[in-house]
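Down below is the structure, laid out as structure tokens.
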Amino acid sequence: MINRRQLLRGLFGGAVVSVGLPLLDVMSSTSGQAHADGTPLPKRFGIFFWGNGVRLAKWNPSNTGAGFTLSESLQPLKNVKDQLTVVSGMKIKTGNERGHHAGCVGILSGAPMISQDPKGAPYASTFSNRSIDQAIAAELGKTTRFKSLEMAISRNVVGSEGTTLRYVSHNGPDSPNPPEFDPKKLFERVFGVGFEDPEAKKREDLKVGLRRSVLDAVWGEAKSLQSKVGAADRVRLDAHMTGIRALETRLASLPPSVGACAKPTAPGSYPTVDGKEPLEERMKAFSDLLALVLACDITRVFSIQFTGSVGYTVFWQVGASGGHHEITHDEPGEQPTVQASTVFTMKQLAYLLEKLKATPEGTGNLLDRTAILCSSDTAHGREHTIDDYPILVAGKAGGAFKGDYHYRSTSGENASSVLLSLVRSMGIAATEFGKGGGLVTKGLSAIEAA
Amino acid sequence: MRTQLALSGTVLSAALAACVGDIGDGDGTFQNPDPGGPTTTEPTAFTPAPSRLRKLTRAQYQNSLRDLLGTAVSLAKDALEDDSERNGFSAIGASYATISPRGVEQYEAASMALAKQVMADTANRGKLVGCSPAGATDATCTRAFVAKFGRRAFRRPLSTDELDRWVGIATDAQTKLTSFWEGMEIAIGGMLTSPHFLYREELGEPDPARPGVLRYTSLEMASRLSFFLRDTTPDDALLDAAERGDLVSVDGLKSQVERLLSDPAARSSFDAFFAELLHLSPLDGLTRDKTAFPAMTATLGASMRSETLKLFDEIVFERDADVRELFDSPTTFVNAELAKVYGLTPPSGSAFAKVTLTDRLGILGHASFLSVNAHVASSSPTYRGKAIRERFLCESIPAPPASVPPLPDPAPGERATARQRLEMHRKVEPCATCHKMMDPVGLGLENYDALGAFRDKENGTTIDPSGDLDGKAFAGPKDLAKLLRADPRTGPCFARNLYRHASGHVELPGEEPALKNVLSTFEGSGFRVKSLALAIVTSDAFRFAVAQGDTP
């Protein structure tokens, strides 16, 4: 077992790399719900997002309730079906002001989009509220080194229509949390870059203390600037100052007190070659990394933008030659390529879920205490609809969700109720979620375990 | 005539209102607090726009570091957050964007790494610091450097408090690290992490002539000028002029504009504006299947971009000519791989050669414009029409509607051409209102495929590239190009776009009286961009502001 002093030193200066291995049974209390020292095992929340919806006829399971039958699109998730709650028939109630934009903001934040359409210029939009991951991270991220981590797989994301289509995670209007596209970069960000020479490392460690003082001064300068600007800029500086404090704290913080530690291997970068994105390889690398990050309790909240809203990812793996958004509208008939893209996407999700399930924690595994909201920017991609929304909850959040269950709403209930259930499943005593038409005061009890 | 020019954006307002009215199912209750753009009525009294903090764009950050540190600063593409584009420009996004927690990390890491690089450079660091330290600490030398560097970095002299603070940080670090240079590294990295560097603080001071109106200070104008014209931090000459108070007068501004526009940095700055206006960034990741598009190469996207910027540079800087020549220029610049796309004999070597094309005119025929506004595997008359409306005519295309009716699939052999395939989009609501704006124009460019190569048939059927632009008929792409050149909307639209880029916001109704003067100066100059730049800088819209207000 590694010397804890070494570990601590390593995390100063962004220097050495030391990672907690997944918790083993012997280290946990007999209940399997707590560490050996009695502190409860953490819950985790994630988002898995893809663009351009689904083909509903092949998405929704044909029967409901416990032990439902997986649909064609959901077949890849068969090995984690016990942890899967499918919710169908729900409606985004924030209004469908514009295709893709409204659904994206609605399912991720329960609130309406803000349109930014000055006359005579290209349109844009942004979120009006923070996204659900940030609502949850405000509680779950209080003690971890990173409040949340954002990842993205396909780079073929629309960047010209405001923050809505481009980013999943938002702190508020025009305030996204941009994702990392490169697994290697995320690795370096989370685990630091190693210094071979001990003298160089010592100097870097010394500089960390100085950098903290600098950040304190910089925070003070932001604070004094705040007194000179208007309200809108004060909000922007608030967000900036939150980030400064987070970094300052991180530079000082001790590593998480769980587990033994080992040095993981840095993943590759998986660049696009000849216009072909290695989506599968990137997703595997991020999933493997994420399992370690969660096991080590480096963060408890994450989001993965597999493909973007209106994204133009080319699913060459299933024989597509056109961009994803384009084929969802233009492919005739039963849209076999669009359908194959969805199945491919679910296979990638399955890798993540199986990886978490295969990572032991306590008497169970990582997926047990996790809930991942899996959804898209529209229901039926071809038609820009927002009723009968495709929603999966993967993981049971420590027994909060039923799992192996399909709930189908027959009355177009408010999709935000799933979001409120998710927030509450994390142990957060929220009484409402969303805004405007998306506001709910009750979760979706039908999917919650009794 | 002048009024008509100024009102270019209002032509389609009625149609748009109808279109927007059709969208949405009405159960959203949220009211947009910041529509951020002109309303329908044009006031006669000038009211400037509220001031906003403007975050440095990636290019501004990188260029500023180059100028401040006197070195070839190279940042990895993903070392910083991407710019956030809004309403067509990253300069507008930068007026609204926040710095995320990850962004703070990235700025801190990048600034510290660059400071380390510079202070470890024993050959050049002495020149940058400008004095020889007596030991690990040297109060005089440290103070002199922090004052000099701070003035450039914060684009104004440091206050006594600030000077004391950063000298204190440097001295503390020098003591703890027992190294003058490593201690300075911490102070340099820190100042480059400060909000005073990362945001342009152009807050204004009370205008002596008009109560309630703010005038950008002479120093703030130095920043506005420098970032607009050269996309980087002000140089010493500009800061000196600012400190003399020169930049609150039109005459003082004029001489600086002329000086800055003659700097090579102005060319790359305006190139970047034009690349953004044309939305050329997707060329970096241009994806085309080599089997379907044999001319495709890994570097073709970059060559396309170069072609377009070479033409822009020639018209604007080499010849200082009418910018509308961009629409109908018979000549362009090609290298070997572009020649292949255009079906020309390739020039020798890797250089670009000036050529005359016979099957197209101007930027509407550039492979860059045609490829960016296309699907991966096929052309897109809709994207092309949208780009022409939005970028060249300053018309808003409403966003896609909420519910798209399923259109019937074609029978085998039916609908060989894009015109036929898009026919239903122009007939069925809610698609038709907007597709009728975009497709008839874009269909005029159907003779060019998804990579910009000429074709006269699609799927064996002869392409019909005729159409009309708001009532003016055209027979094909070259006709369409000539129509845009002559269209009274294109010149003013170019001016509006440059103003948006320069000011960081879409013009507000209160600014119209000042913008009218800019537009008429531009027209009077024969649509020359250098004259436009001067007109923008010296206009009241660029020099004055109102306070932002206390409610968000």
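If you're wondering about the labels, chains in the structure tokens are A, B, ... by order shown, residues count from 1 in each chain, ligands from 1 in order shown.
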Enumerate as a ChimeraX atom specification all residues of segment 16-200 of chain B assigned to alpha helix (DSSP H) by DSSP on the backbone, naming them with the chain letters and numbers the document uses.
-> /B:16-21,58-69,90-93,101-119,125-129,139-154,160-177,180-191,195-198
Given a cut-off of 6 Å, which residues of chain A touch chain B, counting only C-alpha atoms, written out as an MDAnalysis selection string?
-> chainID A and resid 94:99 114 116 118:123 160 162 174:175 177 214 218 222 230:232 236 240 243 275 322:323 332 383:385 436:437
Could you pull out the strand (DSSP E or B) residues of segment 242-435 of chain B from DSSP and send them as JSON, numbers by chain?
-> {"B": [322, 331, 332, 333, 334, 353, 354, 355, 356, 374, 379]}
Could you turn the residues from that selection into a file that holds C-alpha atoms, as a CSV table (one decimal), in the first residue's frame?
```csv
chain,number,residue,atom,x,y,z
B,322,ASP,CA,-14.7,48.4,-53.1
B,331,THR,CA,-10.2,36.3,-60.2
B,332,THR,CA,-9.1,34.3,-57.3
B,333,PHE,CA,-6.1,32.5,-55.8
B,334,VAL,CA,-5.5,28.8,-56.1
B,353,ALA,CA,-1.4,31.8,-58.1
B,354,LYS,CA,-3.9,34.4,-59.2
B,355,VAL,CA,-6.3,32.9,-61.8
B,356,THR,CA,-9.5,33.8,-63.6
B,374,ALA,CA,-23.0,22.0,-47.3
B,379,SER,CA,-24.6,20.3,-51.2
```
Contacts of Phe227 of chain B within 12 Å, only C-alpha atoms, excl. fewer than 5 positions in-chain, as number ranges by chain = B: 54-57, 59-61, 63-64, 91, 155, 199-200, 202, 220-222, 232-235, 238, 257, 260-261, 265-266, 268-270, 273, 501-504, 537
What's the 8 Å shell around Ala371 of chain A, counting only C-alpha atoms, without same-chain residues fewer than 3 positions away, as JSON, numbers by chain?
-> {"A": [44, 45, 46, 367, 393, 394, 395, 396, 397, 422]}
Measuring atom to atom with only C-alpha atoms, identify which of B:Thr462, B:Asn517, B:Ser539, B:Ser223 is nearest to Phe154 of chain B.
-> B:Ser223
Do a neighbour search on Ser368 of chain B at 8 Å with only C-alpha atoms, toss out local chain neighbours closer than 4 positions, and write the hits as a PyMOL selection string.
-> chain B and resi 280+283+301+304-305+308+372+452
What does the file look like for those residues with N, CA, C and O atoms, as a PDB file, in the first residue's frame?
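Written file, part17.pdb:
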```
ATOM      1  N   LEU B 280     -15.876  30.338 -41.425  1.00  0.00           N
ATOM      2  CA  LEU B 280     -14.965  29.386 -42.053  1.00  0.00           C
ATOM      3  C   LEU B 280     -14.353  28.382 -41.084  1.00  0.00           C
ATOM      4  O   LEU B 280     -13.636  27.478 -41.499  1.00  0.00           O
ATOM      5  N   LEU B 283     -13.838  24.596 -41.601  1.00  0.00           N
ATOM      6  CA  LEU B 283     -12.872  24.095 -42.581  1.00  0.00           C
ATOM      7  C   LEU B 283     -11.718  23.354 -41.902  1.00  0.00           C
ATOM      8  O   LEU B 283     -11.088  22.489 -42.513  1.00  0.00           O
ATOM      9  N   GLY B 301      -9.036  21.928 -46.645  1.00  0.00           N
ATOM     10  CA  GLY B 301      -9.810  22.930 -45.906  1.00  0.00           C
ATOM     11  C   GLY B 301      -8.984  24.179 -45.638  1.00  0.00           C
ATOM     12  O   GLY B 301      -9.454  25.309 -45.803  1.00  0.00           O
ATOM     13  N   MET B 304      -8.592  26.168 -48.805  1.00  0.00           N
ATOM     14  CA  MET B 304      -9.823  26.904 -49.118  1.00  0.00           C
ATOM     15  C   MET B 304      -9.880  28.211 -48.339  1.00  0.00           C
ATOM     16  O   MET B 304     -10.230  29.270 -48.866  1.00  0.00           O
ATOM     17  N   ARG B 305      -9.542  28.095 -47.067  1.00  0.00           N
ATOM     18  CA  ARG B 305      -9.548  29.275 -46.204  1.00  0.00           C
ATOM     19  C   ARG B 305      -8.551  30.313 -46.735  1.00  0.00           C
ATOM     20  O   ARG B 305      -8.868  31.497 -46.838  1.00  0.00           O
ATOM     21  N   THR B 308      -9.815  32.318 -49.826  1.00  0.00           N
ATOM     22  CA  THR B 308     -10.795  33.359 -49.534  1.00  0.00           C
ATOM     23  C   THR B 308     -10.141  34.560 -48.848  1.00  0.00           C
ATOM     24  O   THR B 308     -10.434  35.713 -49.177  1.00  0.00           O
ATOM     25  N   VAL B 372     -18.387  24.894 -46.525  1.00  0.00           N
ATOM     26  CA  VAL B 372     -18.861  25.148 -45.167  1.00  0.00           C
ATOM     27  C   VAL B 372     -20.386  25.093 -45.138  1.00  0.00           C
ATOM     28  O   VAL B 372     -20.990  24.600 -44.184  1.00  0.00           O
ATOM     29  N   GLY B 452     -17.518  22.205 -53.749  1.00  0.00           N
ATOM     30  CA  GLY B 452     -17.381  23.410 -54.559  1.00  0.00           C
ATOM     31  C   GLY B 452     -17.029  23.157 -56.015  1.00  0.00           C
ATOM     32  O   GLY B 452     -16.841  24.102 -56.774  1.00  0.00           O
TER      33      GLY B 452
END
```
Å distance separating atom CA of Val157 of chain A from atom CA of Phe181 of chain A, one decimal place | 11.3 Å
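Close contacts of segment 138-146 of chain B, defined as residues with an atom at most 7 Å away when counting only C-alpha atoms, with chain neighbours fewer than 3 positions off set aside, comprise B:Val129, B:Gly130, B:Cys131, B:Pro133, B:Ala134, B:Gly135, B:Phe149, B:Gly150, B:Leu163, B:Trp166, B:Val167.
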Write out as a PyMOL selection string each polymer residue whose atoms come within 10 Å of segment 380-382 of chain B, counting only C-alpha atoms; drop sequence neighbours fewer than 4 positions from it.
-> chain B and resi 370-376+386-388+418-419+422+434-446+449-450
Kindly save the residues from that selection, with N, CA, C and O atoms included, as an mmCIF file, in the first residue's frame.
```cif
data_model
loop_
_atom_site.group_PDB
_atom_site.id
_atom_site.type_symbol
_atom_site.label_atom_id
_atom_site.label_comp_id
_atom_site.auth_asym_id
_atom_site.auth_seq_id
_atom_site.Cartn_x
_atom_site.Cartn_y
_atom_site.Cartn_z
ATOM 1 N N LEU B 370 -18.726 27.318 -50.229
ATOM 2 C CA LEU B 370 -19.602 26.245 -50.703
ATOM 3 C C LEU B 370 -19.482 24.989 -49.833
ATOM 4 O O LEU B 370 -20.463 24.283 -49.608
ATOM 5 N N SER B 371 -18.285 24.722 -49.313
ATOM 6 C CA SER B 371 -18.085 23.526 -48.483
ATOM 7 C C SER B 371 -18.615 23.711 -47.070
ATOM 8 O O SER B 371 -19.199 22.801 -46.487
ATOM 9 N N VAL B 372 -18.387 24.894 -46.525
ATOM 10 C CA VAL B 372 -18.861 25.148 -45.167
ATOM 11 C C VAL B 372 -20.386 25.093 -45.138
ATOM 12 O O VAL B 372 -20.990 24.600 -44.184
ATOM 13 N N ASN B 373 -21.001 25.583 -46.192
ATOM 14 C CA ASN B 373 -22.452 25.585 -46.268
ATOM 15 C C ASN B 373 -22.935 24.409 -47.116
ATOM 16 O O ASN B 373 -23.566 24.586 -48.154
ATOM 17 N N ALA B 374 -22.577 23.231 -46.654
ATOM 18 C CA ALA B 374 -22.980 22.004 -47.332
ATOM 19 C C ALA B 374 -23.056 20.913 -46.292
ATOM 20 O O ALA B 374 -22.570 21.074 -45.165
ATOM 21 N N HIS B 375 -23.700 19.810 -46.664
ATOM 22 C CA HIS B 375 -23.656 18.633 -45.801
ATOM 23 C C HIS B 375 -22.346 17.904 -46.043
ATOM 24 O O HIS B 375 -21.580 18.251 -46.941
ATOM 25 N N VAL B 376 -22.126 16.856 -45.262
ATOM 26 C CA VAL B 376 -20.893 16.087 -45.415
ATOM 27 C C VAL B 376 -20.836 15.439 -46.798
ATOM 28 O O VAL B 376 -19.785 15.400 -47.434
ATOM 29 N N LYS B 386 -29.289 30.302 -46.360
ATOM 30 C CA LYS B 386 -29.292 30.871 -45.012
ATOM 31 C C LYS B 386 -28.062 31.748 -44.820
ATOM 32 O O LYS B 386 -28.163 32.858 -44.288
ATOM 33 N N ALA B 387 -26.918 31.264 -45.263
ATOM 34 C CA ALA B 387 -25.685 32.046 -45.099
ATOM 35 C C ALA B 387 -25.778 33.365 -45.864
ATOM 36 O O ALA B 387 -25.383 34.420 -45.359
ATOM 37 N N ILE B 388 -26.301 33.326 -47.069
ATOM 38 C CA ILE B 388 -26.422 34.556 -47.862
ATOM 39 C C ILE B 388 -27.349 35.540 -47.162
ATOM 40 O O ILE B 388 -27.053 36.729 -47.025
ATOM 41 N N ALA B 418 -31.718 18.473 -55.968
ATOM 42 C CA ALA B 418 -32.039 19.119 -54.696
ATOM 43 C C ALA B 418 -33.297 19.983 -54.837
ATOM 44 O O ALA B 418 -34.110 20.064 -53.919
ATOM 45 N N ARG B 419 -33.440 20.621 -55.996
ATOM 46 C CA ARG B 419 -34.620 21.464 -56.212
ATOM 47 C C ARG B 419 -35.888 20.643 -56.037
ATOM 48 O O ARG B 419 -36.848 21.078 -55.389
ATOM 49 N N LEU B 422 -36.339 19.459 -52.318
ATOM 50 C CA LEU B 422 -36.728 20.496 -51.358
ATOM 51 C C LEU B 422 -38.094 21.120 -51.673
ATOM 52 O O LEU B 422 -38.530 22.023 -50.968
ATOM 53 N N CYS B 434 -39.898 29.710 -43.859
ATOM 54 C CA CYS B 434 -38.451 29.967 -43.808
ATOM 55 C C CYS B 434 -37.718 29.348 -44.990
ATOM 56 O O CYS B 434 -36.765 29.946 -45.506
ATOM 57 N N HIS B 435 -38.131 28.156 -45.408
ATOM 58 C CA HIS B 435 -37.437 27.555 -46.564
ATOM 59 C C HIS B 435 -37.618 28.411 -47.811
ATOM 60 O O HIS B 435 -36.743 28.442 -48.673
ATOM 61 N N LYS B 436 -38.729 29.114 -47.911
ATOM 62 C CA LYS B 436 -38.925 29.993 -49.067
ATOM 63 C C LYS B 436 -37.949 31.168 -49.043
ATOM 64 O O LYS B 436 -37.642 31.761 -50.068
ATOM 65 N N MET B 437 -37.479 31.521 -47.845
ATOM 66 C CA MET B 437 -36.452 32.565 -47.762
ATOM 67 C C MET B 437 -35.095 32.036 -48.207
ATOM 68 O O MET B 437 -34.303 32.746 -48.822
ATOM 69 N N MET B 438 -34.820 30.796 -47.830
ATOM 70 C CA MET B 438 -33.449 30.279 -47.994
ATOM 71 C C MET B 438 -33.238 29.538 -49.311
ATOM 72 O O MET B 438 -32.269 29.791 -50.031
ATOM 73 N N ASP B 439 -34.143 28.591 -49.597
ATOM 74 C CA ASP B 439 -33.849 27.643 -50.681
ATOM 75 C C ASP B 439 -33.770 28.272 -52.072
ATOM 76 O O ASP B 439 -32.853 27.937 -52.835
ATOM 77 N N PRO B 440 -34.683 29.162 -52.453
ATOM 78 C CA PRO B 440 -34.607 29.688 -53.825
ATOM 79 C C PRO B 440 -33.273 30.391 -54.092
ATOM 80 O O PRO B 440 -32.769 30.350 -55.219
ATOM 81 N N VAL B 441 -32.692 31.019 -53.086
ATOM 82 C CA VAL B 441 -31.388 31.661 -53.258
ATOM 83 C C VAL B 441 -30.299 30.600 -53.332
ATOM 84 O O VAL B 441 -29.467 30.592 -54.243
ATOM 85 N N GLY B 442 -30.337 29.674 -52.398
ATOM 86 C CA GLY B 442 -29.305 28.641 -52.344
ATOM 87 C C GLY B 442 -29.311 27.736 -53.561
ATOM 88 O O GLY B 442 -28.261 27.241 -53.984
ATOM 89 N N LEU B 443 -30.481 27.531 -54.128
ATOM 90 C CA LEU B 443 -30.562 26.677 -55.317
ATOM 91 C C LEU B 443 -29.807 27.292 -56.497
ATOM 92 O O LEU B 443 -29.426 26.595 -57.437
ATOM 93 N N GLY B 444 -29.562 28.571 -56.440
ATOM 94 C CA GLY B 444 -28.767 29.235 -57.468
ATOM 95 C C GLY B 444 -27.313 28.786 -57.487
ATOM 96 O O GLY B 444 -26.582 29.072 -58.433
ATOM 97 N N LEU B 445 -26.904 28.095 -56.420
ATOM 98 C CA LEU B 445 -25.507 27.632 -56.351
ATOM 99 C C LEU B 445 -25.410 26.115 -56.525
ATOM 100 O O LEU B 445 -24.373 25.517 -56.208
ATOM 101 N N GLU B 446 -26.474 25.510 -57.024
ATOM 102 C CA GLU B 446 -26.496 24.049 -57.139
ATOM 103 C C GLU B 446 -25.517 23.504 -58.180
ATOM 104 O O GLU B 446 -25.259 22.305 -58.240
ATOM 105 N N ASP B 449 -20.890 21.383 -56.143
ATOM 106 C CA ASP B 449 -21.185 20.272 -55.235
ATOM 107 C C ASP B 449 -20.700 20.566 -53.806
ATOM 108 O O ASP B 449 -20.318 21.696 -53.499
ATOM 109 N N ALA B 450 -20.695 19.541 -52.965
ATOM 110 C CA ALA B 450 -20.399 19.732 -51.539
ATOM 111 C C ALA B 450 -18.958 20.155 -51.290
ATOM 112 O O ALA B 450 -18.606 20.552 -50.183
#
```
The distance between atom CA of Leu290 of chain A and atom CA of Ile391 of chain A is 22.0 Å
Nearest candidate to Phe197 of chain B (options B:Ala153, B:Thr291, B:Phe180, B:Ala432; using only C-alpha atoms) =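 Smallest separation from Phe197 of chain B among the options: B:Ala153.
Here atom CA of Val80 of chain A is placed at a distance of 27.9 Å from atom CA of Val190 of chain A.
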From B:Pro157, B:Gly491, B:Pro48, B:Pro347, residue lying nearest Glu325 of chain B [only C-alpha atoms] | B:Gly491
Could you check which of A:Arg130, A:Arg189, A:Lys442, A:Arg211 is closest to His170 of chain A, using only C-alpha atoms?
->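 Selected residue with least distance to His170 of chain A: A:Arg130.
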